[in-house]
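What follows is a short report on a single structure.
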Amino acid sequence: MKMWNTHSLFTAAVAAFGILSFTPLQASAAPIETANLTKRAPAWGFPYGSTKIRGVNLGGWLVLEPWITPSLFEGTGNSAIIDEWTFGQYQNYNTAHGKLVNHWNTFITYNDLAAIKAAGLNHVRLPIGYWAWDISRGEPYHQGQLPYLNQAISWCRTLGLKMIIDLHGAPGSQNGFDNSGQKKSYPLWHTSSDNIARTNAIIKTSASTYSSQTDVVTGIAPLNEPAGFFGNDVVAAARQFWYDSYGNIRYPYGTSQQGAIVEFISDAFQPLSYWNNFMPWQNGFEGVIMDTHYYGVFSQAEVSRSWDQQVQAACARGNQLTTSTLWTVVGEWSTAFTDCAKYLNGRGVGARYDGTYPGSTFVGSCAPWTGSGANFSATYKAFLRRFWEAQVTAFERGQGWIYWTWKAENADEWSYSAGLNYGWIPQNPTQRNYPNVCG
């Protein structure tokens with residue numbers, strides 16, 4: 001593998017433009033004379049640092065996920081279609097494309113964005129795959145997503161919402177998850193200089209394209225969830241990619257002039273403490289926010305927790321956010337306490353909670369905990385409200401939160417819109433029934 005020169009783009013910018021130091025975007029307890037720091041970036045499109053991020057992901061729209069829209073996958077009649085790659089690979093082109101266009105036109109509309117705004121939220125995070133820009137290596141993906149991204153930006157402008165564009169899938173897959181576009185046993189993004197170069201080119205293009213629209217596009221997340229749990233090779237590639245993306249996002253004009261788009265970097269499944277003093281503002285970095293994701297359902301130990309234990313674990317996560325040296329947002333989380341949602345672990349794969357996932361141990365029946373909120377008991381809905389409040393309270397100890405996800409066909413425990421509809425999520429995100437839930 002060809003390794004990228006350390007700090008390449010940022011170092012080049014420093015050398016070329018004499019960039020020295022900036023006012024911090026990150027909070028730091030280190031004593032320093034801030035009066036002598038000069039902020040070179042224009043004002044952000046959102047007052048990060050003084051106003052909490054309260055948002056929701058538009059998951060399953062421009063990147064397919066079997067558990068969010070099982071009907072799209074089951075409607076193919078082919079059990080080998082398990083992700084967006086195989087959705088294109090194993091269907092007639094016109095058939096697949098027609099289904100995708102219908103989905104893009106109907107799954108998220110202006111009315112959805114209006115409901116998000118009416119719920120007191122200020123951000124949407126929009127996942128999109130690299131293939132919207134580049135299928136030059138013969139990938140079986142379909143294109144056509146970019147007009148919908150641009151339409152969503154227009155809707156957000158009308159409504160007064162901010163958007164984070166999230167590159168959810170990269171060439172070769174950065175994590176092997178079906179939501180990266182291609183499910184794999186081992187991700188290959190980090191193993192190929194071509195994969196990384198293509199990803200850098202997409203981020204450069206995106207930053208250049210949207211640098212004039214920072215009234216809406218306030219952030220770019222250049223790579224969702226690189227799978228650092230596979231080892232240091234992935235983490236090292238991600239670290240370098242954050243530097244390269246900093247150059248592309250923060251300097252979108254090809255000059256010493258900074259733009260106003262903020263870079264949201266993933267923790268790559270590492271503890272927040274791993275990233276302490278990474279890209280420090282004292283070294284001239286500004287406009288960087290750490291994006292950490294919190295789910296309590298993807299291990300046997302987590303799905304075996306009691307409701308009280310789930311609440312306690314969420315509250316503890318809030319304590320960790322306060323120790324991060326980068327401003328930190330929880331960019332994905334949900335009120336689900338089980339992995340029972342159909343296909344959540346992959347199409348055709350069972351759940352840990354009911355023991356149908358390979359190697360798992362039965363905890364309980366999934367029947368009461370997933371599906372339509374109309375069938376949820378009053379006791380369950382009261383827990384969902386308490387769990388929602390615990391997480392919101394905890395995550396606002398950092399810079400805020402972005403819920404996963406706005407809607408799902410048949411997994412209301414994951415759906416913000418369903419939570420609003422059935423009452424376990426309040427219309428005003430600052431309202432509390434459990435004001436002392438985290439003590």
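Please note that chains go A, B, ... in the order of the structure tokens, that every chain numbers its residues from 1, and that ligands are numbered from 1 in the order shown.
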Practice problem: Please return as a PyMOL selection string: the residues of region 326-427 of chain A that backbone DSSP assigns to alpha helix (DSSP H). | Solution: chain A and resi 378-395+416-422
File dump, residues just selected, N, CA, C and O atoms, as a compact mmCIF listing (two decimals), in the first residue's frame:
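Produced file result28.txt, reproduced below:
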```txt
# COMPACT_ATOMS: atom_id res chain seq x y z
N ALA A 378 -47.60 0.89 26.96
CA ALA A 378 -47.41 2.18 27.63
C ALA A 378 -46.11 2.17 28.44
O ALA A 378 -45.38 3.17 28.49
N THR A 379 -45.80 1.02 29.04
CA THR A 379 -44.57 0.91 29.83
C THR A 379 -43.34 1.04 28.95
O THR A 379 -42.36 1.73 29.29
N TYR A 380 -43.40 0.41 27.78
CA TYR A 380 -42.28 0.48 26.84
C TYR A 380 -42.10 1.91 26.33
O TYR A 380 -40.98 2.44 26.28
N LYS A 381 -43.19 2.57 25.99
CA LYS A 381 -43.10 3.94 25.49
C LYS A 381 -42.58 4.88 26.57
O LYS A 381 -41.83 5.83 26.26
N ALA A 382 -42.93 4.62 27.81
CA ALA A 382 -42.38 5.45 28.90
C ALA A 382 -40.87 5.26 29.01
O ALA A 382 -40.13 6.22 29.25
N PHE A 383 -40.41 4.02 28.82
CA PHE A 383 -38.95 3.79 28.83
C PHE A 383 -38.29 4.50 27.66
O PHE A 383 -37.23 5.13 27.82
N LEU A 384 -38.88 4.41 26.46
CA LEU A 384 -38.30 5.06 25.30
C LEU A 384 -38.15 6.57 25.55
O LEU A 384 -37.14 7.17 25.17
N ARG A 385 -39.14 7.17 26.21
CA ARG A 385 -39.04 8.60 26.54
C ARG A 385 -37.89 8.84 27.52
O ARG A 385 -37.09 9.77 27.34
N ARG A 386 -37.78 8.02 28.53
CA ARG A 386 -36.71 8.19 29.52
C ARG A 386 -35.35 7.99 28.87
O ARG A 386 -34.38 8.72 29.15
N PHE A 387 -35.24 6.99 28.00
CA PHE A 387 -33.98 6.70 27.32
C PHE A 387 -33.61 7.83 26.36
O PHE A 387 -32.46 8.23 26.26
N TRP A 388 -34.62 8.37 25.66
CA TRP A 388 -34.38 9.52 24.79
C TRP A 388 -33.85 10.70 25.61
O TRP A 388 -32.85 11.33 25.24
N GLU A 389 -34.50 10.98 26.72
CA GLU A 389 -34.08 12.11 27.56
C GLU A 389 -32.69 11.89 28.15
O GLU A 389 -31.89 12.83 28.24
N ALA A 390 -32.39 10.65 28.55
CA ALA A 390 -31.06 10.38 29.11
C ALA A 390 -29.98 10.68 28.09
O ALA A 390 -28.96 11.31 28.40
N GLN A 391 -30.21 10.25 26.86
CA GLN A 391 -29.19 10.44 25.83
C GLN A 391 -29.06 11.90 25.41
O GLN A 391 -27.95 12.44 25.29
N VAL A 392 -30.18 12.57 25.24
CA VAL A 392 -30.13 13.98 24.88
C VAL A 392 -29.44 14.79 25.98
O VAL A 392 -28.59 15.66 25.71
N THR A 393 -29.80 14.50 27.22
CA THR A 393 -29.17 15.20 28.35
C THR A 393 -27.67 14.94 28.37
O THR A 393 -26.86 15.87 28.55
N ALA A 394 -27.30 13.68 28.19
CA ALA A 394 -25.88 13.31 28.22
C ALA A 394 -25.12 13.95 27.06
O ALA A 394 -24.03 14.52 27.24
N PHE A 395 -25.68 13.87 25.86
CA PHE A 395 -24.94 14.29 24.67
C PHE A 395 -24.85 15.81 24.58
O PHE A 395 -23.95 16.34 23.91
N TYR A 416 -37.28 8.70 14.53
CA TYR A 416 -37.59 9.96 15.21
C TYR A 416 -39.02 10.40 14.88
O TYR A 416 -39.76 10.85 15.76
N SER A 417 -39.42 10.24 13.62
CA SER A 417 -40.77 10.65 13.24
C SER A 417 -41.82 9.82 13.97
O SER A 417 -42.85 10.36 14.41
N ALA A 418 -41.57 8.52 14.12
CA ALA A 418 -42.52 7.68 14.87
C ALA A 418 -42.54 8.08 16.33
O ALA A 418 -43.61 8.10 16.96
N GLY A 419 -41.38 8.40 16.89
CA GLY A 419 -41.33 8.84 18.28
C GLY A 419 -42.16 10.09 18.52
O GLY A 419 -42.85 10.22 19.53
N LEU A 420 -42.08 11.03 17.57
CA LEU A 420 -42.93 12.22 17.66
C LEU A 420 -44.40 11.85 17.56
O LEU A 420 -45.24 12.35 18.32
N ASN A 421 -44.70 10.96 16.63
CA ASN A 421 -46.10 10.58 16.37
C ASN A 421 -46.72 9.87 17.57
O ASN A 421 -47.88 10.12 17.93
N TYR A 422 -45.95 8.99 18.21
CA TYR A 422 -46.50 8.18 19.31
C TYR A 422 -46.18 8.76 20.69
O TYR A 422 -46.60 8.20 21.70
```
Wanna dump the region 174-276 of chain A-region 147-155 of chain A contacts at 10 Å for me, each residue with its shortest atom pair and the distance in Å to one decimal, counting only C-alpha atoms, ordered by chain and number, as CSV?
```
residue,atom,partner,partner_atom,distance
A:Tyr210,CA,A:Asn150,CA,9.7
A:Gln213,CA,A:Ile153,CA,8.7
A:Asp215,CA,A:Ile153,CA,9.7
A:Val216,CA,A:Ile153,CA,6.5
A:Val217,CA,A:Ile153,CA,7.4
```
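Between Gly59 (chain A) and the residues A:Thr292, A:Ser180, A:Asn111, A:Asn195, the shortest atom-to-atom distance, using only C-alpha atoms, involves A:Ser180.
Interatomic distance, CA of Val311 (chain A) against CA of Leu113 (chain A): 29.3 Å.
Considering only C-alpha atoms, the residue among A:Trp404, A:Tyr246, A:Tyr295, A:Tyr141 positioned nearest to Ala207 (chain A) is A:Tyr246.
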Quiz item: So, counting only C-alpha atoms, which residue among A:Tyr243, A:Trp67, A:Trp327, A:Trp414 is closest to Asn276 (chain A)?
Solution: A:Trp327
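With CA of His293 (chain A) on one side and CA of Ile82 (chain A) on the other, the separation reads 23.5 Å.
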Quiz prompt | Proximity to Asp112 (chain A) - best of A:Lys407, A:Gln145, A:Asp244, A:Cys340, only C-alpha atoms | solution = A:Lys407
Self-check item: Who sits within 9 Å of Pro226 (chain A), only C-alpha atoms, same chain under 4 positions skipped, as a ChimeraX atom specification
Solution: /A:173-175,187,189-190,234-235,238,266-269
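Look at Ser304 (chain A): the protein and nucleic acid residues within 10 Å of it, using only C-alpha atoms and passing over chain neighbours fewer than 3 places away, are Gly296, Val297, Ser299, Gln300, Ala301, Trp307, Gln309, Gln310, Phe337, Thr338, Arg352, Tyr353, Thr361, Phe362, Val363 and Gly364 of chain A.
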Practice problem: Would you please work out which residue, of A:Trp44, A:Tyr93, A:Trp61, A:Phe107, is nearest to Gly129 (chain A) when using only C-alpha atoms? | Solution: A:Trp61
Can you check which residues of region 81-231 of chain A DSSP gives as strand (DSSP E) on the backbone and send them as a PDB file with C-alpha atoms, in the first residue's frame?
```pdb
ATOM      1  CA  HIS A 123     -29.546  20.073  11.599  1.00  0.00           C
ATOM      2  CA  VAL A 124     -29.947  17.191   9.199  1.00  0.00           C
ATOM      3  CA  ARG A 125     -27.108  14.840   8.393  1.00  0.00           C
ATOM      4  CA  LEU A 126     -27.454  13.389   4.903  1.00  0.00           C
ATOM      5  CA  PRO A 127     -25.632  10.122   4.116  1.00  0.00           C
ATOM      6  CA  ILE A 128     -24.555   9.689   0.499  1.00  0.00           C
ATOM      7  CA  GLY A 129     -22.221   7.247  -1.245  1.00  0.00           C
ATOM      8  CA  LYS A 162     -28.450  23.274   8.447  1.00  0.00           C
ATOM      9  CA  MET A 163     -26.985  20.246   6.665  1.00  0.00           C
ATOM     10  CA  ILE A 164     -23.961  18.030   7.207  1.00  0.00           C
ATOM     11  CA  ILE A 165     -23.093  16.079   4.050  1.00  0.00           C
ATOM     12  CA  ASP A 166     -21.914  12.647   5.186  1.00  0.00           C
ATOM     13  CA  LEU A 167     -19.867  10.412   2.869  1.00  0.00           C
ATOM     14  CA  HIS A 168     -21.323   7.141   4.102  1.00  0.00           C
ATOM     15  CA  GLY A 169     -19.629   4.817   1.635  1.00  0.00           C
ATOM     16  CA  VAL A 217     -24.115  23.225   4.185  1.00  0.00           C
ATOM     17  CA  THR A 218     -22.238  23.936   7.384  1.00  0.00           C
ATOM     18  CA  GLY A 219     -20.292  20.676   7.589  1.00  0.00           C
ATOM     19  CA  ILE A 220     -18.885  17.771   5.625  1.00  0.00           C
ATOM     20  CA  ALA A 221     -18.204  14.398   7.235  1.00  0.00           C
TER      21      ALA A 221
END
```
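Nearest residue to Arg347 (chain A), choosing from A:Leu188, A:Ala367, A:Leu64, A:Ile81 and counting only C-alpha atoms: A:Ile81.
Taking only C-alpha atoms, the non-local environment of Ser245 (chain A) within 10 Å (same-chain residues fewer than 5 positions away omitted) comprises A:Leu9, A:Phe10, A:Thr199, A:Asn200, A:Ala201, A:Ile203, A:Lys204, A:Ala207, A:Ile220, A:Ala221, A:Pro222, A:Leu223, A:Arg239, A:Gln240, A:Arg250, A:Tyr251, A:Glu263, A:Phe264, A:Ile265.
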Would you export the selected residues with N, CA and C atoms as an mmCIF file, in the first residue's frame, please?
```cif
data_model
loop_
_atom_site.group_PDB
_atom_site.id
_atom_site.type_symbol
_atom_site.label_atom_id
_atom_site.label_comp_id
_atom_site.auth_asym_id
_atom_site.auth_seq_id
_atom_site.Cartn_x
_atom_site.Cartn_y
_atom_site.Cartn_z
ATOM 1 N N LEU A 9 -1.559 17.556 2.972
ATOM 2 C CA LEU A 9 -2.205 18.754 2.451
ATOM 3 C C LEU A 9 -2.084 19.919 3.412
ATOM 4 N N PHE A 10 -2.268 19.624 4.719
ATOM 5 C CA PHE A 10 -2.181 20.720 5.675
ATOM 6 C C PHE A 10 -0.764 21.289 5.728
ATOM 7 N N THR A 199 -11.518 8.980 -3.024
ATOM 8 C CA THR A 199 -12.290 9.572 -1.931
ATOM 9 C C THR A 199 -11.871 11.018 -1.703
ATOM 10 N N ASN A 200 -10.574 11.267 -1.701
ATOM 11 C CA ASN A 200 -10.084 12.640 -1.564
ATOM 12 C C ASN A 200 -10.626 13.532 -2.673
ATOM 13 N N ALA A 201 -10.663 13.027 -3.883
ATOM 14 C CA ALA A 201 -11.152 13.821 -5.012
ATOM 15 C C ALA A 201 -12.626 14.189 -4.829
ATOM 16 N N ILE A 203 -14.236 14.484 -1.925
ATOM 17 C CA ILE A 203 -14.343 15.479 -0.860
ATOM 18 C C ILE A 203 -13.911 16.849 -1.372
ATOM 19 N N LYS A 204 -12.863 16.889 -2.170
ATOM 20 C CA LYS A 204 -12.398 18.157 -2.747
ATOM 21 C C LYS A 204 -13.488 18.765 -3.631
ATOM 22 N N ALA A 207 -16.472 19.994 -1.380
ATOM 23 C CA ALA A 207 -16.170 21.224 -0.650
ATOM 24 C C ALA A 207 -16.173 22.423 -1.595
ATOM 25 N N ILE A 220 -19.073 18.977 6.426
ATOM 26 C CA ILE A 220 -18.885 17.771 5.625
ATOM 27 C C ILE A 220 -18.214 16.731 6.511
ATOM 28 N N ALA A 221 -18.804 15.547 6.562
ATOM 29 C CA ALA A 221 -18.204 14.398 7.235
ATOM 30 C C ALA A 221 -17.560 13.553 6.136
ATOM 31 N N PRO A 222 -16.231 13.607 5.982
ATOM 32 C CA PRO A 222 -15.601 13.039 4.791
ATOM 33 C C PRO A 222 -15.568 11.516 4.741
ATOM 34 N N LEU A 223 -15.828 10.840 5.879
ATOM 35 C CA LEU A 223 -15.856 9.377 5.856
ATOM 36 C C LEU A 223 -16.554 8.859 7.108
ATOM 37 N N ARG A 239 -6.502 8.476 10.080
ATOM 38 C CA ARG A 239 -5.819 9.665 10.610
ATOM 39 C C ARG A 239 -5.262 10.522 9.470
ATOM 40 N N GLN A 240 -4.590 9.872 8.533
ATOM 41 C CA GLN A 240 -4.042 10.632 7.411
ATOM 42 C C GLN A 240 -5.154 11.257 6.575
ATOM 43 N N ARG A 250 -11.339 22.695 4.367
ATOM 44 C CA ARG A 250 -11.113 24.010 4.965
ATOM 45 C C ARG A 250 -10.489 24.996 3.973
ATOM 46 N N TYR A 251 -9.875 24.489 2.912
ATOM 47 C CA TYR A 251 -9.271 25.343 1.876
ATOM 48 C C TYR A 251 -9.863 24.964 0.512
ATOM 49 N N GLU A 263 -15.173 20.499 9.196
ATOM 50 C CA GLU A 263 -14.891 19.076 8.974
ATOM 51 C C GLU A 263 -15.337 18.272 10.192
ATOM 52 N N PHE A 264 -16.192 17.277 9.960
ATOM 53 C CA PHE A 264 -16.629 16.362 11.012
ATOM 54 C C PHE A 264 -15.879 15.047 10.836
ATOM 55 N N ILE A 265 -14.981 14.727 11.770
ATOM 56 C CA ILE A 265 -14.166 13.518 11.650
ATOM 57 C C ILE A 265 -14.712 12.425 12.557
#
```
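What separates CA of Ile108 (chain A) from CA of Ser208 (chain A) is a distance of 25.6 Å.
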